[in-house]
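Just upload10.cif here, mmCIF, C-alpha atoms:
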data_model
loop_
_atom_site.label_atom_id
_atom_site.label_comp_id
_atom_site.auth_asym_id
_atom_site.auth_seq_id
_atom_site.Cartn_x
_atom_site.Cartn_y
_atom_site.Cartn_z
CA MET A 1 -28.17 -54.83 -12.73
CA ILE A 2 -30.11 -58.09 -12.79
CA ILE A 3 -33.64 -57.87 -11.43
CA CYS A 4 -35.73 -60.90 -10.65
CA VAL A 5 -39.47 -60.57 -11.20
CA ILE A 6 -41.75 -63.02 -9.41
CA PRO A 7 -45.45 -62.98 -10.28
CA SER A 8 -47.40 -64.47 -7.39
CA PHE A 9 -50.91 -65.10 -6.19
CA ASN A 10 -51.51 -66.61 -2.75
CA GLU A 11 -48.02 -68.11 -2.49
CA GLU A 12 -47.40 -67.57 1.24
CA SER A 13 -46.12 -71.12 1.72
CA THR A 14 -43.44 -70.93 -1.00
CA ILE A 15 -42.59 -67.28 -1.65
CA ALA A 16 -39.95 -66.98 1.11
CA GLU A 17 -37.86 -69.80 -0.31
CA VAL A 18 -38.15 -68.50 -3.87
CA VAL A 19 -37.21 -64.93 -2.88
CA ARG A 20 -34.23 -66.09 -0.79
CA GLY A 21 -33.16 -68.49 -3.55
CA VAL A 22 -33.14 -66.07 -6.47
CA GLY A 23 -31.88 -63.26 -4.25
CA ARG A 24 -28.48 -64.97 -4.36
CA HIS A 25 -28.31 -64.53 -8.14
CA CYS A 26 -30.04 -61.16 -8.68
CA ASP A 27 -29.30 -57.64 -7.50
CA ARG A 28 -32.89 -56.96 -6.69
CA VAL A 29 -36.03 -59.08 -6.34
CA ILE A 30 -39.46 -57.71 -7.16
CA VAL A 31 -42.53 -59.70 -6.20
CA ILE A 32 -45.69 -58.75 -8.05
CA ASP A 33 -48.50 -59.71 -5.72
CA ASP A 34 -51.46 -60.20 -8.04
CA GLY A 35 -54.19 -59.46 -5.51
CA SER A 36 -53.32 -62.20 -3.01
CA THR A 37 -55.63 -62.66 -0.05
CA ASP A 38 -52.95 -64.33 2.08
CA ALA A 39 -49.65 -63.10 3.54
CA THR A 40 -47.63 -63.34 0.30
CA SER A 41 -46.69 -59.63 0.26
CA LYS A 42 -45.74 -59.52 3.92
CA ILE A 43 -43.57 -62.62 3.75
CA ALA A 44 -41.89 -61.51 0.50
CA ARG A 45 -41.00 -58.13 2.04
CA LEU A 46 -39.74 -59.84 5.17
CA HIS A 47 -37.30 -61.83 3.03
CA GLY A 48 -35.90 -58.81 1.22
CA ALA A 49 -38.08 -58.44 -1.85
CA ASP A 50 -39.63 -55.23 -3.10
CA VAL A 51 -43.34 -55.85 -3.43
CA LEU A 52 -45.68 -54.28 -5.95
CA ARG A 53 -49.27 -55.13 -5.29
CA HIS A 54 -52.23 -55.23 -7.65
CA PRO A 55 -55.41 -54.29 -5.75
CA PHE A 56 -57.13 -57.28 -7.36
CA ARG A 57 -56.14 -60.25 -9.49
CA ILE A 58 -55.54 -59.44 -13.15
CA GLY A 59 -53.65 -62.56 -14.24
CA VAL A 60 -50.09 -63.76 -14.52
CA GLY A 61 -49.51 -61.98 -17.86
CA GLY A 62 -50.60 -58.69 -16.32
CA ALA A 63 -48.42 -59.30 -13.26
CA LEU A 64 -45.39 -59.89 -15.46
CA SER A 65 -46.11 -56.74 -17.47
CA THR A 66 -46.11 -54.77 -14.21
CA GLY A 67 -42.87 -56.48 -13.19
CA PHE A 68 -41.16 -55.75 -16.51
CA GLU A 69 -42.21 -52.11 -16.41
CA ALA A 70 -40.92 -51.78 -12.84
CA ALA A 71 -37.63 -53.48 -13.70
CA MET A 72 -37.11 -51.17 -16.68
CA ARG A 73 -37.84 -48.07 -14.59
CA LEU A 74 -35.32 -49.28 -12.02
CA GLY A 75 -32.65 -49.66 -14.70
CA ALA A 76 -32.44 -53.43 -15.12
CA GLU A 77 -29.98 -54.70 -17.69
CA ALA A 78 -31.44 -58.19 -17.47
CA VAL A 79 -34.61 -59.58 -15.96
CA LEU A 80 -35.06 -63.07 -14.61
CA THR A 81 -38.62 -64.35 -14.17
CA ILE A 82 -39.51 -67.27 -11.94
CA ASP A 83 -42.83 -68.56 -10.66
CA GLY A 84 -43.65 -67.89 -7.03
CA ASP A 85 -45.12 -71.33 -6.39
CA GLY A 86 -41.79 -73.13 -6.02
CA GLN A 87 -42.04 -75.13 -9.24
CA HIS A 88 -38.68 -73.79 -10.39
CA ASP A 89 -35.31 -74.31 -8.73
CA PRO A 90 -33.73 -70.89 -7.97
CA ASN A 91 -30.30 -72.51 -8.05
CA GLU A 92 -30.71 -72.96 -11.80
CA ALA A 93 -30.84 -69.17 -12.32
CA PRO A 94 -27.16 -68.92 -13.42
CA ARG A 95 -27.87 -71.42 -16.18
CA LEU A 96 -30.51 -69.04 -17.58
CA LEU A 97 -28.48 -65.88 -17.07
CA LYS A 98 -25.27 -67.22 -18.64
CA PRO A 99 -26.39 -67.09 -22.33
CA LEU A 100 -27.42 -63.46 -21.74
CA SER A 101 -24.14 -62.41 -20.18
CA SER A 102 -22.12 -64.22 -22.84
CA GLY A 103 -24.09 -62.43 -25.55
CA GLU A 104 -25.31 -65.72 -26.95
CA ALA A 105 -29.02 -64.94 -26.52
CA ASP A 106 -31.53 -62.16 -25.87
CA LEU A 107 -34.20 -64.39 -24.36
CA VAL A 108 -33.46 -67.59 -22.48
CA ILE A 109 -36.25 -70.04 -21.68
CA GLY A 110 -35.89 -72.74 -19.04
CA SER A 111 -37.31 -75.85 -20.68
CA ARG A 112 -38.64 -78.74 -18.64
CA PHE A 113 -38.75 -80.81 -21.82
CA LEU A 114 -35.00 -80.60 -22.38
CA GLY A 115 -34.64 -82.22 -18.97
CA ASP A 116 -36.83 -84.96 -17.56
CA PRO A 117 -40.48 -83.84 -17.67
CA SER A 118 -41.87 -87.07 -16.17
CA ALA A 119 -42.86 -85.29 -12.94
CA MET A 120 -45.37 -83.26 -14.94
CA PRO A 121 -48.85 -84.85 -15.20
CA LEU A 122 -49.48 -86.45 -18.60
CA HIS A 123 -52.37 -84.17 -19.59
CA LYS A 124 -50.27 -81.07 -18.84
CA ARG A 125 -47.37 -82.53 -20.81
CA ILE A 126 -49.57 -83.20 -23.85
CA GLY A 127 -51.18 -79.76 -23.66
CA ASN A 128 -47.81 -78.06 -23.29
CA MET A 129 -46.34 -80.00 -26.22
CA ALA A 130 -49.29 -79.05 -28.45
CA ILE A 131 -49.06 -75.36 -27.55
CA SER A 132 -45.27 -75.42 -27.95
CA ALA A 133 -45.70 -76.90 -31.43
CA LEU A 134 -48.10 -74.09 -32.37
CA THR A 135 -45.74 -71.51 -30.85
CA SER A 136 -42.86 -72.97 -32.86
CA ILE A 137 -44.83 -72.62 -36.09
CA ALA A 138 -45.93 -69.09 -35.24
CA SER A 139 -42.45 -67.97 -34.18
CA GLY A 140 -40.47 -69.85 -36.79
CA ILE A 141 -38.09 -71.32 -34.22
CA ARG A 142 -38.24 -74.66 -32.40
CA ILE A 143 -39.55 -74.23 -28.87
CA THR A 144 -39.96 -77.20 -26.54
CA ASP A 145 -41.51 -75.47 -23.51
CA SER A 146 -43.44 -72.39 -24.54
CA GLN A 147 -45.32 -72.24 -21.23
CA SER A 148 -42.28 -72.04 -18.98
CA GLY A 149 -42.26 -69.02 -16.69
CA TYR A 150 -38.58 -69.47 -15.82
CA ARG A 151 -36.86 -67.11 -18.23
CA ALA A 152 -34.16 -64.51 -18.59
CA TYR A 153 -34.65 -61.41 -20.75
CA SER A 154 -32.13 -58.88 -21.94
CA ARG A 155 -33.10 -55.23 -21.58
CA ALA A 156 -33.17 -54.94 -25.38
CA VAL A 157 -35.94 -57.52 -25.64
CA LEU A 158 -38.07 -55.84 -22.99
CA GLU A 159 -37.56 -52.43 -24.57
CA ALA A 160 -38.78 -53.72 -27.92
CA VAL A 161 -41.27 -56.41 -27.01
CA ARG A 162 -44.13 -56.37 -24.52
CA HIS A 163 -46.91 -58.95 -24.46
CA SER A 164 -50.47 -57.71 -24.22
CA SER A 165 -52.11 -60.83 -22.73
CA PHE A 166 -53.16 -60.53 -19.11
CA GLY A 167 -53.68 -64.29 -18.71
CA TYR A 168 -51.59 -67.35 -19.52
CA GLY A 169 -51.34 -66.34 -23.20
CA TRP A 170 -48.34 -64.11 -22.34
CA ALA A 171 -45.93 -67.06 -22.53
CA SER A 172 -46.41 -67.91 -26.20
CA GLU A 173 -47.10 -64.33 -27.21
CA SER A 174 -43.80 -63.02 -25.87
CA ILE A 175 -41.83 -65.75 -27.67
CA ILE A 176 -43.56 -65.04 -30.97
CA LEU A 177 -43.04 -61.28 -30.65
CA ALA A 178 -39.37 -61.69 -29.69
CA ALA A 179 -38.73 -64.08 -32.58
CA ARG A 180 -40.42 -61.73 -35.04
CA GLY A 181 -38.36 -58.88 -33.63
CA GLY A 182 -35.23 -60.78 -34.66
CA PHE A 183 -34.08 -61.52 -31.11
CA ARG A 184 -32.08 -64.66 -30.38
CA ILE A 185 -33.99 -67.17 -28.28
CA VAL A 186 -32.39 -70.20 -26.69
CA GLU A 187 -33.71 -72.86 -24.33
CA VAL A 188 -31.77 -74.42 -21.47
CA PRO A 189 -32.82 -77.52 -19.54
CA ILE A 190 -34.39 -77.05 -16.12
CA ARG A 191 -35.77 -79.44 -13.54
CA THR A 192 -39.47 -80.20 -13.43
CA ILE A 193 -40.81 -79.69 -9.93
CA TYR A 194 -44.48 -80.39 -9.52
CA HIS A 195 -46.38 -79.99 -6.26
CA ALA A 196 -49.60 -81.92 -6.79
CA LYS A 197 -51.26 -80.33 -3.75
CA ARG A 198 -50.50 -76.83 -4.98
CA ALA A 199 -51.16 -77.52 -8.64
CA ARG A 200 -52.73 -74.54 -10.36
CA GLY A 201 -51.60 -73.17 -13.70
CA ALA A 202 -53.46 -73.28 -16.96
CA GLY A 203 -56.40 -75.65 -17.17
CA VAL A 204 -58.15 -77.08 -20.21
CA ILE A 205 -60.09 -73.88 -20.96
CA ASP A 206 -56.96 -71.73 -20.56
CA GLY A 207 -55.02 -74.19 -22.74
CA THR A 208 -57.64 -74.01 -25.48
CA LYS A 209 -57.62 -70.24 -25.36
CA ILE A 210 -53.80 -70.11 -25.53
CA ALA A 211 -53.84 -72.54 -28.48
CA TYR A 212 -56.44 -70.42 -30.27
CA ASP A 213 -54.55 -67.18 -29.61
CA THR A 214 -51.30 -68.78 -30.83
CA LEU A 215 -53.02 -70.18 -33.91
CA LYS A 216 -54.19 -66.68 -34.79
CA ARG A 217 -50.57 -65.51 -34.77
CA ILE A 218 -49.42 -68.12 -37.29
CA PRO A 219 -48.80 -66.43 -40.64
CA ARG A 220 -51.18 -67.83 -43.26
CA LYS A 221 -48.29 -69.11 -45.40
CA ASN A 222 -47.06 -71.28 -42.49
CA ARG A 223 -50.40 -72.92 -41.69
CA GLY A 224 -50.40 -76.64 -42.25
CA LYS A 225 -46.59 -76.88 -42.08
CA ARG A 226 -44.52 -78.85 -39.54
CA MET B 1 -108.24 -52.95 -26.82
CA GLU B 2 -107.54 -56.39 -25.34
CA PRO B 3 -106.35 -56.57 -21.70
CA TYR B 4 -102.88 -57.78 -22.75
CA GLY B 5 -102.64 -54.73 -25.03
CA ILE B 6 -103.40 -52.43 -22.11
CA LEU B 7 -100.79 -54.21 -19.99
CA ALA B 8 -98.14 -53.99 -22.72
CA ALA B 9 -98.91 -50.30 -23.32
CA LEU B 10 -98.70 -49.60 -19.60
CA LEU B 11 -95.38 -51.42 -19.33
CA GLY B 12 -93.99 -49.56 -22.35
CA ALA B 13 -95.10 -46.20 -20.92
CA ILE B 14 -93.64 -46.93 -17.46
CA MET B 15 -90.31 -48.05 -18.92
CA MET B 16 -90.24 -44.98 -21.14
CA ALA B 17 -90.78 -42.74 -18.11
CA ILE B 18 -88.03 -44.56 -16.16
CA SER B 19 -85.62 -44.25 -19.11
CA ILE B 20 -86.31 -40.51 -19.45
CA ARG B 21 -85.77 -40.02 -15.69
CA GLU B 22 -82.48 -41.98 -15.77
CA TYR B 23 -81.31 -40.02 -18.82
CA LEU B 24 -82.11 -36.69 -17.17
CA ARG B 25 -80.22 -37.83 -14.06
CA GLY B 26 -77.22 -38.57 -16.29
CA LYS B 27 -77.29 -42.30 -15.61
CA LEU B 28 -77.89 -43.27 -19.25
CA SER B 29 -75.77 -42.24 -22.21
CA THR B 30 -77.54 -40.64 -25.17
CA THR B 31 -76.94 -43.73 -27.33
CA SER B 32 -78.36 -46.11 -24.72
CA PHE B 33 -81.26 -43.76 -24.06
CA LEU B 34 -82.19 -43.59 -27.74
CA ALA B 35 -81.86 -47.37 -28.16
CA TRP B 36 -84.09 -48.11 -25.17
CA MET B 37 -86.62 -45.44 -26.16
CA ALA B 38 -86.92 -47.09 -29.58
CA ILE B 39 -87.63 -50.45 -27.90
CA TRP B 40 -90.23 -49.02 -25.49
CA ALA B 41 -91.84 -46.99 -28.28
CA ALA B 42 -92.12 -50.13 -30.44
CA ILE B 43 -93.87 -51.96 -27.56
CA LEU B 44 -96.16 -49.00 -26.91
CA ILE B 45 -97.11 -48.55 -30.56
CA THR B 46 -97.80 -52.26 -31.19
CA ALA B 47 -99.90 -52.37 -28.00
CA LEU B 48 -101.92 -49.29 -28.96
CA PHE B 49 -102.20 -50.07 -32.67
CA PRO B 50 -102.19 -53.85 -33.04
CA ARG B 51 -103.34 -53.61 -36.66
CA LEU B 52 -100.04 -51.95 -37.54
CA TYR B 53 -98.28 -54.90 -35.98
CA TYR B 54 -100.36 -57.45 -37.92
CA SER B 55 -99.67 -55.58 -41.17
CA LEU B 56 -95.94 -55.59 -40.43
CA VAL B 57 -96.00 -59.35 -39.72
CA ALA B 58 -97.83 -60.00 -42.97
CA ALA B 59 -95.49 -57.69 -44.92
CA LEU B 60 -92.47 -59.60 -43.60
CA GLY B 61 -94.06 -62.86 -44.80
CA MET B 62 -94.37 -64.36 -41.31
CA ALA B 63 -97.09 -66.91 -40.73
CA THR B 64 -98.14 -65.76 -37.27
CA PRO B 65 -97.38 -62.79 -34.98
CA ILE B 66 -95.59 -65.07 -32.55
CA HIS B 67 -92.90 -65.73 -35.19
CA PHE B 68 -92.25 -62.00 -35.35
CA VAL B 69 -92.04 -61.69 -31.58
CA THR B 70 -89.71 -64.66 -31.05
CA THR B 71 -87.44 -63.90 -34.02
CA PHE B 72 -86.91 -60.23 -33.29
CA SER B 73 -86.80 -60.67 -29.52
CA ILE B 74 -83.96 -63.18 -29.84
CA ILE B 75 -82.07 -60.98 -32.31
CA LEU B 76 -82.53 -57.97 -30.03
CA LEU B 77 -81.41 -59.92 -26.95
CA PHE B 78 -78.28 -61.15 -28.73
CA ALA B 79 -77.49 -57.58 -29.79
CA ILE B 80 -77.92 -56.37 -26.20
CA VAL B 81 -75.74 -59.21 -24.80
CA TYR B 82 -73.08 -58.45 -27.41
CA GLN B 83 -73.04 -54.78 -26.46
CA LEU B 84 -72.93 -55.60 -22.76
CA ASN B 85 -70.09 -58.05 -23.28
CA LYS B 86 -68.12 -55.53 -25.32
CA ARG B 87 -68.61 -52.88 -22.67
CA LEU B 88 -67.66 -55.32 -19.92
CA GLU B 89 -64.41 -56.18 -21.70
CA GLU B 90 -63.59 -52.50 -22.12
CA VAL B 91 -64.21 -51.86 -18.42
CA ASN B 92 -62.20 -54.95 -17.47
CA SER B 93 -59.29 -53.81 -19.60
CA LYS B 94 -59.37 -50.34 -18.03
CA LEU B 95 -59.54 -51.82 -14.52
CA ASN B 96 -56.55 -54.06 -15.25
CA SER B 97 -54.55 -51.09 -16.54
CA MET B 98 -55.49 -49.12 -13.42
CA ALA B 99 -54.42 -52.02 -11.19
CA ARG B 100 -51.03 -52.03 -12.92
CA GLU B 101 -50.67 -48.26 -12.60
CA ILE B 102 -51.50 -48.41 -8.88
CA ALA B 103 -48.86 -51.11 -8.38
CA LEU B 104 -46.27 -49.15 -10.37
CA MET B 105 -46.80 -46.03 -8.26
CA GLY B 106 -44.84 -47.98 -5.64
CA VAL B 107 -41.83 -48.16 -7.98
CA ASP B 108 -41.68 -44.42 -8.44
CA ARG B 109 -41.85 -43.89 -4.67
CA ASP B 110 -39.22 -46.59 -4.29
CA ARG B 111 -36.95 -44.88 -6.79
CA LEU B 112 -37.29 -41.51 -5.10
CA GLU B 113 -36.20 -43.05 -1.83
CA ASP B 114 -33.12 -44.31 -3.74
CA ARG B 115 -33.07 -47.62 -1.97
CA PRO B 116 -29.97 -49.74 -2.52
CA GLY B 117 -30.24 -52.69 -4.91
#

How would this structure read if it were set down as structure tokens?
Amino acid sequence: MIICVIPSFNEESTIAEVVRGVGRHCDRVIVIDDGSTDATSKIARLHGADVLRHPFRIGVGGALSTGFEAAMRLGAEAVLTIDGDGQHDPNEAPRLLKPLSSGEADLVIGSRFLGDPSAMPLHKRIGNMAISALTSIASGIRITDSQSGYRAYSRAVLEAVRHSSFGYGWASESIILAARGGFRIVEVPIRTIYHAKRARGAGVIDGTKIAYDTLKRIPRKNRGKR
Amino acid sequence: MEPYGILAALLGAIMMAISIREYLRGKLSTTSFLAWMAIWAAILITALFPRLYYSLVAALGMATPIHFVTTFSIILLFAIVYQLNKRLEEVNSKLNSMAREIALMGVDRDRLEDRPG
């Protein structure tokens, strides 16, 4: 069974399309409503998703942890994660799920940098590239888009690896933990969709914190390399 | 005794009484109670026996009493802020875990209902 986990916070304008879109490629869709104050939960349910709701906002990393735990309890063999804000194309889900089903990978990351990232604002691109470089050093494998939330996980990865970050740090942390656990990680190109009016995501302070957290995970012998 | 000494002693005594009342009501942990009592007692003693305070300042090699007050007040405030911050992070972490548990209760209900995938 493939379960799609969608972390969301105040995504009432986009959640319906995302749920309907990934619903075509997954057996079950779980929306983790991270304390939204709008109609995200209601709309998601209306479009066929199961909704788990945090009573208040704890962060995207925490929402994903809840989603992973739920998916495991429900017997998922694979979990697809996608952002609820419409910045990922649900039609690309098969591209992420294929390396899992073919046994080629345990964790598949949709990389905007393997496609055309020009739609992403320059400062976000630079920040992402810097954090991806740090993540690559810490994990020992080349990662081009460590901050992508569009991913596919095998059950084995989720059984062995769980991130502890509640905030944006989950993205790099989970890659590093999976790589250290000996799991195969591959990236596949995805489209970059950027809604300027709805732009949220990690800011400068979040980015600095992620970079610092990732830096701490780099083994001493690898520091200064690359 | 100078008027400021009387004021400081009064303040120390009042805060001591409040701390004891809060402790007896179970609103202060023993550790916090002891820490605050030490602070109020230090204020009370220096207000009642200023000579002790001057001797301490001289023994520590500080030029004037104000150096003692500013230095140790800042150190004490940093220690309090550190403790508060630590406690806040612990509470935040527990709240986040509770939020996740509350959300996951829905999964167990869901599973019991055996809804189709």

Evaluate the PyMOL selection byres ((chain B) within 8 of (chain A)) and report residues as a ChimeraX atom specification: /B:96,99-100,102-104,106-107,111,117

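Proximity to Leu96 in chain A was assessed for A:Val188, A:Val22, A:Ala39, A:Ile175 counting all atoms listed in the file; the smallest distance is recorded for A:Val188.
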
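With distances taken over all atoms listed in the file, A:Arg112 is the one residue among A:His88, A:Arg112, A:His47, A:Arg95 lying closest to Asn128 in chain A.
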
Selection result for the PyMOL selection byres ((chain A and resi 216) around 12) on this file, as number ranges by chain: A: 134-135, 137-139, 169, 172-173, 176, 209-215, 217-220, 222-223

Could those residues be written to a file, using C-alpha atoms, as a CSV table (one decimal), in the frame of the given file?
chain,number,residue,atom,x,y,z
A,134,LEU,CA,-48.1,-74.1,-32.4
A,135,THR,CA,-45.7,-71.5,-30.8
A,137,ILE,CA,-44.8,-72.6,-36.1
A,138,ALA,CA,-45.9,-69.1,-35.2
A,139,SER,CA,-42.4,-68.0,-34.2
A,169,GLY,CA,-51.3,-66.3,-23.2
A,172,SER,CA,-46.4,-67.9,-26.2
A,173,GLU,CA,-47.1,-64.3,-27.2
A,176,ILE,CA,-43.6,-65.0,-31.0
A,209,LYS,CA,-57.6,-70.2,-25.4
A,210,ILE,CA,-53.8,-70.1,-25.5
A,211,ALA,CA,-53.8,-72.5,-28.5
A,212,TYR,CA,-56.4,-70.4,-30.3
A,213,ASP,CA,-54.6,-67.2,-29.6
A,214,THR,CA,-51.3,-68.8,-30.8
A,215,LEU,CA,-53.0,-70.2,-33.9
A,217,ARG,CA,-50.6,-65.5,-34.8
A,218,ILE,CA,-49.4,-68.1,-37.3
A,219,PRO,CA,-48.8,-66.4,-40.6
A,220,ARG,CA,-51.2,-67.8,-43.3
A,222,ASN,CA,-47.1,-71.3,-42.5
A,223,ARG,CA,-50.4,-72.9,-41.7

Pairwise distance for CA of Ala9 in chain B and CA of Leu44 in chain B, rounded to one decimal in Å: 4.7 Å

Interatomic distance, CA of Leu80 in chain A to CA of Tyr153 in chain A (Å, one decimal): 6.4 Å

Please write the residues picked by the PyMOL selection byres ((chain A and resi 38) around 10) on this file as a tab-separated table (two decimals) with C-alpha atoms, in the frame of the given file.
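File produced: selection_26.tsv:
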chain	number	residue	atom	x	y	z
A	9	PHE	CA	-50.91	-65.10	-6.19
A	10	ASN	CA	-51.51	-66.61	-2.75
A	11	GLU	CA	-48.02	-68.11	-2.49
A	12	GLU	CA	-47.40	-67.57	1.24
A	13	SER	CA	-46.12	-71.12	1.72
A	35	GLY	CA	-54.19	-59.46	-5.51
A	36	SER	CA	-53.32	-62.20	-3.01
A	37	THR	CA	-55.63	-62.66	-0.05
A	39	ALA	CA	-49.65	-63.10	3.54
A	40	THR	CA	-47.63	-63.34	0.30
A	41	SER	CA	-46.69	-59.63	0.26
A	42	LYS	CA	-45.74	-59.52	3.92
A	43	ILE	CA	-43.57	-62.62	3.75

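In this structure, CA of Ser132 in chain A sits 12.2 Å away from CA of Ile109 in chain A.
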
I want to know what sits within 8 Å of Gly149 in chain A, based on all atoms listed in the file, with residues of the same chain fewer than 6 positions away left out; could you give that as an mmCIF file with C-alpha atoms, in the coordinates of the input?
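What ended up in part-v9.cif:
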data_model
loop_
_atom_site.group_PDB
_atom_site.id
_atom_site.type_symbol
_atom_site.label_atom_id
_atom_site.label_comp_id
_atom_site.auth_asym_id
_atom_site.auth_seq_id
_atom_site.Cartn_x
_atom_site.Cartn_y
_atom_site.Cartn_z
ATOM 1 C CA THR A 81 -38.620 -64.350 -14.170
ATOM 2 C CA ILE A 82 -39.510 -67.270 -11.940
ATOM 3 C CA ASP A 83 -42.830 -68.560 -10.660
ATOM 4 C CA ILE A 109 -36.250 -70.040 -21.680
ATOM 5 C CA GLY A 110 -35.890 -72.740 -19.040
ATOM 6 C CA ALA A 171 -45.930 -67.060 -22.530
#

All residues 12 Å or closer to Ala41 in chain B, all atoms listed in the file, same chain fewer than 2 positions away omitted, as a VMD selection string: chain B and resid 8 to 17 19 33 to 39 43 to 49

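Residues lying at most 10 Å from (-28.3, -66.0, -18.9) in file coordinates, with all atoms listed in the file considered, are Ala78, Val79, Leu80, Ala93, Pro94, Arg95, Leu96, Leu97, Lys98, Pro99, Leu100, Ser101, Ser102, Gly103, Glu104, Ala105, Asp106, Leu107, Val108, Ile109, Arg151, Ala152, Tyr153, Ser154, Val186 and Val188 of chain A.
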
Using the atoms already present, construct N, CA and C atoms for range 107-126 of chain A and hand them back as a compact mmCIF listing (two decimals), keeping the file's coordinate frame.
# COMPACT_ATOMS: atom_id res chain seq x y z
N LEU A 107 -33.14 -63.81 -25.20
CA LEU A 107 -34.20 -64.39 -24.36
C LEU A 107 -33.85 -65.85 -24.11
N VAL A 108 -33.79 -66.21 -22.84
CA VAL A 108 -33.46 -67.59 -22.48
C VAL A 108 -34.66 -68.21 -21.79
N ILE A 109 -35.08 -69.37 -22.26
CA ILE A 109 -36.25 -70.04 -21.68
C ILE A 109 -35.79 -71.33 -21.00
N GLY A 110 -36.18 -71.49 -19.75
CA GLY A 110 -35.89 -72.74 -19.04
C GLY A 110 -36.88 -73.79 -19.49
N SER A 111 -36.40 -74.84 -20.14
CA SER A 111 -37.31 -75.85 -20.68
C SER A 111 -37.30 -77.13 -19.85
N ARG A 112 -38.49 -77.49 -19.39
CA ARG A 112 -38.64 -78.74 -18.64
C ARG A 112 -38.52 -79.93 -19.58
N PHE A 113 -38.76 -79.71 -20.86
CA PHE A 113 -38.75 -80.81 -21.82
C PHE A 113 -37.35 -81.13 -22.33
N LEU A 114 -36.39 -80.27 -22.03
CA LEU A 114 -35.00 -80.60 -22.38
C LEU A 114 -34.37 -81.38 -21.22
N GLY A 115 -35.07 -81.40 -20.10
CA GLY A 115 -34.64 -82.22 -18.97
C GLY A 115 -35.54 -83.44 -18.91
N ASP A 116 -35.94 -83.80 -17.70
CA ASP A 116 -36.83 -84.96 -17.56
C ASP A 116 -38.20 -84.45 -17.11
N PRO A 117 -39.17 -84.42 -18.03
CA PRO A 117 -40.48 -83.84 -17.67
C PRO A 117 -41.44 -84.83 -17.02
N SER A 118 -40.95 -86.01 -16.63
CA SER A 118 -41.87 -87.07 -16.17
C SER A 118 -42.64 -86.68 -14.91
N ALA A 119 -42.13 -85.69 -14.15
CA ALA A 119 -42.86 -85.29 -12.94
C ALA A 119 -44.13 -84.51 -13.28
N MET A 120 -44.20 -84.03 -14.53
CA MET A 120 -45.37 -83.26 -14.94
C MET A 120 -46.50 -84.22 -15.31
N PRO A 121 -47.74 -83.96 -14.85
CA PRO A 121 -48.85 -84.85 -15.20
C PRO A 121 -49.00 -84.97 -16.72
N LEU A 122 -49.42 -86.15 -17.16
CA LEU A 122 -49.48 -86.45 -18.60
C LEU A 122 -50.32 -85.44 -19.38
N HIS A 123 -51.50 -85.08 -18.82
CA HIS A 123 -52.37 -84.17 -19.59
C HIS A 123 -51.72 -82.79 -19.76
N LYS A 124 -50.96 -82.37 -18.74
CA LYS A 124 -50.27 -81.07 -18.84
C LYS A 124 -49.15 -81.16 -19.87
N ARG A 125 -48.48 -82.34 -19.87
CA ARG A 125 -47.37 -82.53 -20.81
C ARG A 125 -47.88 -82.47 -22.25
N ILE A 126 -49.00 -83.16 -22.49
CA ILE A 126 -49.57 -83.20 -23.85
C ILE A 126 -50.01 -81.80 -24.27
